[in-house]
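Peer 1: This is the content of entry31.tsv (TSV, C-alpha atoms and all ligand atoms):
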```tsv
chain	number	residue	atom	x	y	z
A	20	MET	CA	-74.93	64.19	-75.05
A	21	LYS	CA	-76.66	60.81	-74.99
A	22	LYS	CA	-73.87	59.53	-77.23
A	23	ASP	CA	-71.37	59.97	-74.40
A	24	ILE	CA	-73.47	57.89	-71.99
A	25	LYS	CA	-73.70	55.12	-74.55
A	26	TYR	CA	-69.97	55.32	-75.21
A	27	VAL	CA	-69.06	55.14	-71.51
A	28	LEU	CA	-71.43	52.21	-70.92
A	29	GLY	CA	-69.90	50.39	-73.91
A	30	SER	CA	-66.39	51.03	-72.57
A	31	ILE	CA	-67.33	49.72	-69.12
A	32	ARG	CA	-68.81	46.61	-70.68
A	33	ARG	CA	-65.64	46.06	-72.72
A	34	ALA	CA	-63.41	46.43	-69.63
A	35	ASP	CA	-65.69	44.05	-67.74
A	36	GLN	CA	-65.53	41.49	-70.53
A	37	ASP	CA	-61.75	41.87	-70.96
A	38	PHE	CA	-60.84	41.61	-67.29
A	39	GLY	CA	-63.82	40.00	-65.54
A	40	LEU	CA	-64.33	42.95	-63.23
A	41	ILE	CA	-67.86	42.32	-61.97
A	42	ALA	CA	-69.50	39.09	-60.86
A	43	PRO	CA	-73.05	38.32	-59.67
A	44	GLY	CA	-73.28	38.70	-55.91
A	45	ASP	CA	-70.55	41.35	-55.70
A	46	ARG	CA	-71.01	44.21	-53.29
A	47	ILE	CA	-69.06	47.09	-54.79
A	48	LEU	CA	-68.05	50.26	-53.00
A	49	VAL	CA	-67.74	53.05	-55.57
A	50	GLY	CA	-65.11	55.52	-54.39
A	51	VAL	CA	-66.77	58.91	-54.80
A	52	SER	CA	-64.45	61.89	-54.46
A	53	GLY	CA	-66.99	64.32	-55.84
A	54	GLY	CA	-65.03	64.78	-59.10
A	55	LYS	CA	-66.54	64.18	-62.54
A	56	ASP	CA	-65.00	60.73	-63.02
A	57	SER	CA	-66.21	59.19	-59.79
A	58	MET	CA	-69.70	60.67	-60.29
A	59	THR	CA	-69.81	59.36	-63.86
A	60	LEU	CA	-68.67	55.95	-62.63
A	61	LEU	CA	-71.40	55.83	-59.99
A	62	GLU	CA	-74.06	56.83	-62.52
A	63	CYS	CA	-72.85	54.48	-65.26
A	64	LEU	CA	-72.32	51.50	-62.98
A	65	ARG	CA	-75.92	51.92	-61.83
A	66	ARG	CA	-77.09	51.98	-65.45
A	67	TYR	CA	-74.79	49.07	-66.33
A	68	ARG	CA	-76.41	46.99	-63.59
A	69	MET	CA	-79.89	47.68	-65.06
A	70	PHE	CA	-78.62	46.89	-68.53
A	71	LEU	CA	-76.95	43.64	-67.45
A	72	HIS	CA	-79.85	42.55	-65.22
A	73	GLN	CA	-77.13	41.38	-62.88
A	74	SER	CA	-77.46	41.15	-59.17
A	75	PHE	CA	-74.62	43.10	-57.65
A	76	ASP	CA	-74.90	45.73	-54.96
A	77	ILE	CA	-73.56	49.25	-55.20
A	78	VAL	CA	-72.56	51.35	-52.22
A	79	ALA	CA	-71.16	54.87	-52.67
A	80	GLY	CA	-68.33	55.87	-50.34
A	81	THR	CA	-66.36	59.06	-49.75
A	82	VAL	CA	-63.18	59.59	-47.76
A	83	ASP	CA	-63.66	62.97	-46.09
A	84	MET	CA	-60.24	64.63	-46.14
A	85	GLY	CA	-61.21	67.00	-43.33
A	86	TRP	CA	-61.43	70.06	-45.59
A	87	GLY	CA	-65.09	70.73	-44.91
A	88	MET	CA	-66.25	69.39	-48.26
A	89	ASP	CA	-70.03	69.61	-48.77
A	90	MET	CA	-71.24	66.08	-49.42
A	91	GLU	CA	-74.96	66.90	-49.36
A	92	PRO	CA	-75.44	66.93	-53.17
A	93	ILE	CA	-73.92	63.44	-53.39
A	94	ARG	CA	-76.01	62.20	-50.49
A	95	ARG	CA	-79.20	63.50	-52.15
A	96	LEU	CA	-78.30	61.88	-55.48
A	97	CYS	CA	-77.68	58.53	-53.79
A	98	GLU	CA	-80.92	58.79	-51.83
A	99	GLY	CA	-82.78	59.38	-55.08
A	100	TYR	CA	-81.22	56.24	-56.58
A	101	GLY	CA	-81.69	54.15	-53.45
A	102	ILE	CA	-77.93	53.62	-53.20
A	103	PRO	CA	-76.46	53.55	-49.68
A	104	TYR	CA	-73.92	56.34	-49.11
A	105	ALA	CA	-71.19	56.16	-46.47
A	106	VAL	CA	-68.57	58.71	-45.48
A	107	MET	CA	-65.28	57.99	-43.71
A	108	PRO	CA	-64.16	61.06	-41.74
A	109	THR	CA	-60.36	61.54	-41.66
A	110	ASP	CA	-57.67	64.14	-40.94
A	111	ILE	CA	-55.62	63.23	-44.00
A	112	GLY	CA	-55.60	66.80	-45.35
A	113	LYS	CA	-54.35	68.24	-42.05
A	114	LEU	CA	-51.79	65.49	-41.54
A	115	VAL	CA	-50.31	65.75	-45.02
A	116	PHE	CA	-50.26	69.53	-45.38
A	117	GLU	CA	-50.09	70.98	-41.85
A	118	GLU	CA	-48.30	68.39	-39.74
A	119	ARG	CA	-46.02	66.61	-42.20
A	120	LYS	CA	-45.78	69.59	-44.59
A	121	GLU	CA	-45.04	67.12	-47.38
A	122	LYS	CA	-43.15	68.54	-50.36
A	123	ASN	CA	-44.66	65.89	-52.62
A	124	PRO	CA	-47.96	65.32	-50.86
A	125	CYS	CA	-49.73	63.19	-53.48
A	126	SER	CA	-47.99	59.93	-52.78
A	127	LEU	CA	-48.68	59.92	-49.01
A	128	CYS	CA	-52.15	61.36	-49.51
A	129	ALA	CA	-53.09	58.71	-52.09
A	130	ARG	CA	-51.78	55.90	-49.87
A	131	MET	CA	-53.74	57.13	-46.87
A	132	ARG	CA	-56.90	57.68	-48.89
A	133	ARG	CA	-56.62	54.18	-50.33
A	134	GLY	CA	-56.26	52.77	-46.80
A	135	ALA	CA	-59.28	54.72	-45.57
A	136	LEU	CA	-61.37	53.67	-48.56
A	137	THR	CA	-60.43	50.04	-47.98
A	138	ASN	CA	-61.50	50.32	-44.34
A	139	LEU	CA	-64.76	51.87	-45.46
A	140	ALA	CA	-65.36	49.02	-47.90
A	141	LYS	CA	-64.74	46.46	-45.14
A	142	GLU	CA	-67.08	48.37	-42.83
A	143	GLN	CA	-69.79	48.30	-45.51
A	144	GLY	CA	-69.37	44.58	-46.15
A	145	CYS	CA	-68.06	45.12	-49.71
A	146	ASN	CA	-65.78	42.69	-51.52
A	147	LYS	CA	-64.77	45.15	-54.26
A	148	ILE	CA	-63.86	48.82	-54.60
A	149	ALA	CA	-64.49	50.55	-57.94
A	150	LEU	CA	-62.34	53.56	-58.80
A	151	GLY	CA	-63.08	56.11	-61.51
A	152	HIS	CA	-59.68	56.31	-63.23
A	153	ASN	CA	-60.10	57.10	-66.92
A	154	ARG	CA	-57.91	56.51	-69.99
A	155	GLU	CA	-55.85	59.67	-69.46
A	156	ASP	CA	-55.20	58.72	-65.82
A	157	VAL	CA	-53.77	55.41	-67.02
A	158	LEU	CA	-51.48	57.10	-69.52
A	159	GLU	CA	-50.42	59.88	-67.14
A	160	THR	CA	-49.47	57.25	-64.56
A	161	PHE	CA	-47.54	55.37	-67.22
A	162	LEU	CA	-45.57	58.53	-68.09
A	163	LEU	CA	-45.07	59.45	-64.42
A	164	SER	CA	-43.63	56.02	-63.64
A	165	MET	CA	-41.34	56.08	-66.63
A	166	LEU	CA	-40.09	59.66	-66.27
A	167	TYR	CA	-39.87	59.95	-62.48
A	168	GLU	CA	-39.30	56.39	-61.28
A	169	GLY	CA	-37.61	54.84	-64.30
A	170	HIS	CA	-39.90	51.88	-64.57
A	171	ILE	CA	-42.71	50.76	-66.81
A	172	HIS	CA	-45.92	50.58	-64.86
A	173	THR	CA	-49.46	51.80	-64.78
A	174	PHE	CA	-52.72	51.08	-62.94
A	175	SER	CA	-54.03	47.57	-63.16
A	176	PRO	CA	-57.68	47.03	-64.16
A	177	LEU	CA	-57.97	44.56	-61.29
A	178	THR	CA	-55.90	44.41	-58.11
A	179	TRP	CA	-56.27	42.07	-55.19
A	180	LEU	CA	-55.45	43.81	-51.90
A	181	ASP	CA	-54.23	40.77	-50.01
A	182	ARG	CA	-54.24	42.16	-46.46
A	183	SER	CA	-57.86	43.24	-46.62
A	184	ASP	CA	-58.95	40.60	-49.15
A	185	ILE	CA	-60.63	43.26	-51.29
A	186	VAL	CA	-60.46	43.49	-55.06
A	187	GLN	CA	-59.97	46.93	-56.55
A	188	ILE	CA	-61.44	47.43	-60.01
A	189	ARG	CA	-61.18	50.25	-62.54
A	190	PRO	CA	-64.12	49.94	-64.92
A	191	MET	CA	-63.45	53.29	-66.68
A	192	LEU	CA	-59.95	52.51	-67.95
A	193	TYR	CA	-61.06	52.69	-71.58
A	194	VAL	CA	-63.08	55.88	-71.13
A	195	PRO	CA	-61.51	59.07	-72.55
A	196	GLU	CA	-61.67	61.96	-70.10
A	197	ALA	CA	-63.81	64.04	-72.49
A	198	LYS	CA	-66.51	61.34	-72.54
A	199	SER	CA	-66.57	61.17	-68.76
A	200	LEU	CA	-66.96	64.94	-68.63
A	201	GLY	CA	-69.67	64.73	-71.29
A	202	VAL	CA	-71.73	62.33	-69.15
A	203	ALA	CA	-71.31	64.47	-66.02
A	204	ARG	CA	-72.46	67.56	-67.93
A	205	THR	CA	-75.34	65.91	-69.78
A	206	LEU	CA	-76.81	64.44	-66.62
A	207	GLU	CA	-75.91	67.49	-64.51
A	208	LEU	CA	-74.26	65.27	-61.94
A	209	PRO	CA	-73.33	67.14	-58.75
A	210	ILE	CA	-69.59	67.88	-58.90
A	211	VAL	CA	-68.02	68.90	-55.62
A	212	LYS	CA	-64.96	71.12	-55.97
A	213	THR	CA	-61.86	69.81	-54.22
A	214	GLU	CA	-60.28	71.99	-51.56
A	215	CYS	CA	-56.84	70.42	-52.01
A	216	PRO	CA	-54.24	73.21	-52.04
A	217	VAL	CA	-52.11	71.54	-54.74
A	218	ALA	CA	-54.91	70.42	-57.05
A	219	GLY	CA	-54.06	71.46	-60.61
A	220	HIS	CA	-50.35	72.00	-59.78
A	221	THR	CA	-49.05	68.46	-59.58
A	222	LYS	CA	-46.66	66.38	-61.67
A	223	ARG	CA	-49.76	64.63	-62.99
A	224	GLU	CA	-50.92	67.93	-64.50
A	225	GLU	CA	-47.58	68.19	-66.29
A	226	MET	CA	-48.11	64.69	-67.70
A	227	LYS	CA	-51.55	65.80	-68.85
A	228	GLU	CA	-49.90	68.63	-70.78
A	229	LEU	CA	-47.34	66.23	-72.19
A	230	LEU	CA	-50.14	63.98	-73.45
A	231	GLN	CA	-51.85	66.97	-75.05
A	232	THR	CA	-48.56	67.90	-76.74
A	233	LEU	CA	-48.22	64.35	-78.07
A	234	ASN	CA	-51.75	64.59	-79.36
A	235	ARG	CA	-50.87	67.71	-81.29
A	236	PHE	CA	-48.19	65.75	-83.17
A	237	LYS	CA	-50.28	62.63	-83.54
A	238	PRO	CA	-53.99	63.17	-83.02
A	239	ASP	CA	-54.69	59.58	-81.97
A	240	ALA	CA	-51.59	59.28	-79.73
A	241	GLN	CA	-53.62	58.44	-76.62
A	242	ARG	CA	-55.64	55.75	-78.35
A	243	MET	CA	-52.45	54.19	-79.73
A	244	MET	CA	-50.68	54.32	-76.36
A	245	LEU	CA	-53.58	52.56	-74.69
A	246	ARG	CA	-53.58	50.00	-77.46
A	247	ALA	CA	-49.86	49.36	-76.87
A	248	LEU	CA	-50.57	48.79	-73.17
A	249	GLN	CA	-53.48	46.46	-73.87
A	250	ASP	CA	-51.78	44.30	-76.46
A	251	THR	CA	-49.77	42.14	-74.08
A	252	GLN	CA	-49.16	39.51	-76.79
A	253	ARG	CA	-47.01	42.03	-78.62
A	254	TYR	CA	-44.99	43.44	-75.72
A	255	ASP	CA	-41.47	43.54	-76.99
A	256	LEU	CA	-39.24	44.59	-74.13
A	257	TRP	CA	-35.87	43.40	-72.95
A	258	ASP	CA	-37.14	40.83	-70.47
A	259	LYS	CA	-37.16	38.32	-73.34
A	260	VAL	CA	-33.39	38.62	-73.88
A	261	LYS	CA	-32.31	39.37	-70.35
A	262	ARG	CA	-29.14	37.52	-69.45
A	263	ARG	CA	-29.84	34.54	-67.24
A	264	PRO	CA	-27.36	32.71	-64.99
A	265	LEU	CA	-25.01	30.59	-67.10
A	266	GLY	CA	-26.34	27.32	-65.67
A	267	ASN	CA	-29.73	28.20	-67.06
A	268	ARG	CA	-28.41	28.95	-70.54
A	269	ARG	CA	-26.21	25.94	-71.23
A	270	GLY	CA	-27.61	22.43	-71.34
A	271	ARG	CA	-30.06	22.79	-68.47
A	272	THR	CA	-33.62	23.69	-68.05
A	273	GLY	CA	-33.75	27.10	-66.41
A	274	GLY	CA	-36.18	28.24	-63.75
A	275	ASN	CA	-38.31	29.80	-66.45
A	276	GLY	CA	-38.46	26.54	-68.41
A	277	ASP	CA	-36.17	27.48	-71.31
A	278	PHE	CA	-33.63	25.02	-72.64
A	279	LEU	CA	-30.49	25.54	-74.72
A	280	PRO	CA	-28.17	22.60	-75.60
A	281	PRO	CA	-24.42	22.86	-74.74
A	282	ASP	CA	-22.42	25.13	-77.10
A	283	TYR	CA	-25.56	26.24	-78.87
A	284	GLN	CA	-25.07	29.74	-80.24
A	285	THR	CA	-27.66	31.81	-81.97
A	286	PRO	CA	-27.41	35.38	-83.20
A	287	GLY	CA	-29.94	36.12	-80.52
A	288	GLU	CA	-27.70	34.79	-77.82
A	289	CYS	CA	-24.76	36.83	-79.08
A	290	ALA	CA	-26.94	39.88	-78.87
A	291	ILE	CA	-27.72	39.03	-75.25
A	292	ILE	CA	-24.07	39.23	-74.31
A	293	SER	CA	-23.29	42.40	-76.20
A	294	ASP	CA	-26.50	44.14	-75.03
A	295	SER	CA	-25.65	43.31	-71.47
A	296	THR	CA	-22.10	44.66	-71.80
A	297	GLU	CA	-23.40	47.84	-73.40
A	298	GLY	CA	-25.87	48.21	-70.58
A	299	GLU	CA	-23.10	48.12	-68.00
A	300	ALA	CA	-21.13	50.78	-69.87
A	301	ASP	CA	-24.19	52.98	-70.14
A	302	ASP	CA	-24.80	52.73	-66.41
A	303	ASP	CA	-21.38	54.24	-65.71
A	304	THR	CA	-22.17	57.27	-67.78
A	305	ILE	CA	-25.41	58.08	-65.97
D	1	LIG	S1	-53.92	66.40	-55.60
D	1	LIG	FE1	-54.37	66.74	-53.41
D	1	LIG	S2	-56.03	65.29	-52.94
D	1	LIG	FE2	-55.09	64.60	-54.87
D	1	LIG	S3	-53.53	63.12	-54.24
D	1	LIG	FE3	-52.50	65.12	-54.41
D	1	LIG	S4	-52.58	65.93	-52.35
D	1	LIG	FE4	-54.09	64.30	-52.40
```
As C-alpha cells, please, write out the structure in this file.

Peer 2:
Amino acid sequence: MKKDIKYVLGSIRRADQDFGLIAPGDRILVGVSGGKDSMTLLECLRRYRMFLHQSFDIVAGTVDMGWGMDMEPIRRLCEGYGIPYAVMPTDIGKLVFEERKEKNPCSLCARMRRGALTNLAKEQGCNKIALGHNREDVLETFLLSMLYEGHIHTFSPLTWLDRSDIVQIRPMLYVPEAKSLGVARTLELPIVKTECPVAGHTKREEMKELLQTLNRFKPDAQRMMLRALQDTQRYDLWDKVKRRPLGNRRGRTGGNGDFLPPDYQTPGECAIISDSTEGEADDDTI
C-alpha cells in the first residue's frame, strides 16, 4: 500500500527532526540483514534522500554469518539503485553455535555482528551506521531489559561508538512493524530468509507475544508505551528522590547542584528517608 510508504517516510523524517540523525555530507552504511526491516530502511532512506534533496551517501552492508545466505537478490537491487553494496564474511554462526555452543546465543551473536558491521563501515569510509530497528523492537528491548536484567533501558536513536568514532542511528524507531512489512510487500523487496537455528524461538519472541497480549487489553498500548519513552520531560522515576550523601543534603551545594538549607525539612525529604528504608527491607526479602 502506498499509504505505508508515506507513513514510513513521515516517521523517518520525524525521527530525523527529533534526534538530528542525518546531516549533509554523511556517508551512511545501512546494515542489511536481508529481513523486512533492513530492506525497508534501505528503500525508504533512498527515497528520503530524494525527498530531502540532501547530499548524503548510502552504502548497503551485510555481515555474512557464514550460513551460506544468498545475497544475490540484495546485490541486484542495490545495483539497480546505484547503491554500493559490501559484504563482510565472518564465521560468527559457526563460532556461536558450533564452537561455543552458547545457551543464550543472541547476546554474543549481536555483539559480534555489531563489531563486524562497524569494521565494514570503517572499511567503506562511512561515518554512520543505520539500523532498521522498528517500534516493536524498541518496546521488546525495553521489556527484555526490565524483566531479565532489572533495569530500565532501550535502544537509543543515536549512539556514538567512541572506539571507532562511528555514530549509530535508528531512523525507523517510530515505525510500527506492520508498516515496515507493508512497504516490503508493496514494493516486493527481496527478503532473504535467515538460517539462524534459534530464529523465532528467542526471549525477544516472548516479548513480542507479551506486547500482543497488552494490545489485546489496550489496543493502543504500544503507541502509549512509545509515547512514555519519548516524553523525557515527564519521566517520573525514583532518581529524583534518591537519597544523596548527607553533606549534599544539608546546607551545601551537592554535586548535582541542589541546595537545601540546614534543618530544612519538607514532606518530600521525609519521604526520601522512609522510601530508602523500605527499599532496604524489600531487598532482604528478594
Ligand atoms: S536470533 Fe540468531 S542471528 Fe539473531 S541475534 Fe539471535 S543468534 Fe544471532

Peer 1: Of the candidates A:Gln249, A:Thr205, A:Thr232, A:Ser183, which one gets nearest to Asp23 of chain A if we count all atoms listed in the file?

Peer 2: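 Counting all atoms listed in the file, the residue closest to Asp23 of chain A is A:Thr205.
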
Peer 1: Would you name the residues within 9 Å of ligand LIG 1 (chain D), counting all atoms listed in the file, and put them as a tab-separated table (two decimals) with C-alpha atoms, in the frame of the given file?

Peer 2:
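Once written, out38.tsv looks like this:
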```tsv
chain	number	residue	atom	x	y	z
A	84	MET	CA	-60.24	64.63	-46.14
A	111	ILE	CA	-55.62	63.23	-44.00
A	112	GLY	CA	-55.60	66.80	-45.35
A	115	VAL	CA	-50.31	65.75	-45.02
A	116	PHE	CA	-50.26	69.53	-45.38
A	123	ASN	CA	-44.66	65.89	-52.62
A	124	PRO	CA	-47.96	65.32	-50.86
A	125	CYS	CA	-49.73	63.19	-53.48
A	126	SER	CA	-47.99	59.93	-52.78
A	127	LEU	CA	-48.68	59.92	-49.01
A	128	CYS	CA	-52.15	61.36	-49.51
A	129	ALA	CA	-53.09	58.71	-52.09
A	130	ARG	CA	-51.78	55.90	-49.87
A	132	ARG	CA	-56.90	57.68	-48.89
A	213	THR	CA	-61.86	69.81	-54.22
A	214	GLU	CA	-60.28	71.99	-51.56
A	215	CYS	CA	-56.84	70.42	-52.01
A	216	PRO	CA	-54.24	73.21	-52.04
A	217	VAL	CA	-52.11	71.54	-54.74
A	218	ALA	CA	-54.91	70.42	-57.05
A	219	GLY	CA	-54.06	71.46	-60.61
A	220	HIS	CA	-50.35	72.00	-59.78
A	221	THR	CA	-49.05	68.46	-59.58
A	223	ARG	CA	-49.76	64.63	-62.99
```

Peer 1: Using all atoms listed in the file for the distances, tell me which of A:Arg33, A:Thr59, A:Leu256, A:Leu96 is nearest to Val202 of chain A.

Peer 2: A:Thr59

Peer 1: Which is closer to Phe161 of chain A than all the others in A:Met226, A:Asp255, A:Ala197, A:Lys55, using all atoms listed in the file?

Peer 2: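 Of the candidates, the smallest distance to Phe161 of chain A is held by A:Met226.
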
Peer 1: Pick out the closest residue to Arg182 of chain A from this set: A:Gln241, A:Leu28, A:Phe38, A:Thr137. Count all atoms listed in the file.

Peer 2: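 Of the candidates, the smallest distance to Arg182 of chain A is held by A:Thr137.
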
Peer 1: Quick one: pull the distance between atom CA of Ala105 of chain A and atom CA of Gly53 of chain A, Å, one decimal.

Peer 2: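 Distance reported for this atom pair: 13.1 Å.
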
Peer 1: As an NGL selection string, please: the residues near Glu155 of chain A (cut-off 10 Å, all atoms listed in the file, same-chain neighbours under 5 positions excluded).

Peer 2: :A and (160-161 or 192-197 or 226-227 or 230 or 241-242 or 245)

Peer 1: Using Å and a single decimal, report how far atom CA of Phe174 of chain A sits from atom CA of Pro108 of chain A.

Peer 2: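 Interatomic distance, atom CA of Pro108 of chain A to atom CA of Phe174 of chain A: 26.1 Å.
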
Peer 1: Considering only C-alpha atoms, state which residue in the set A:Met90, A:Ala34, A:Cys63, A:Leu150 is at the smallest distance from Lys212 of chain A.

Peer 2: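 That would be A:Met90, the residue with the smallest distance to Lys212 of chain A.
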
Peer 1: Which of these, A:Gln73, A:Ser199, A:Thr173, A:Asn153, has the shortest distance to Gly44 of chain A once you count only C-alpha atoms?

Peer 2: A:Gln73
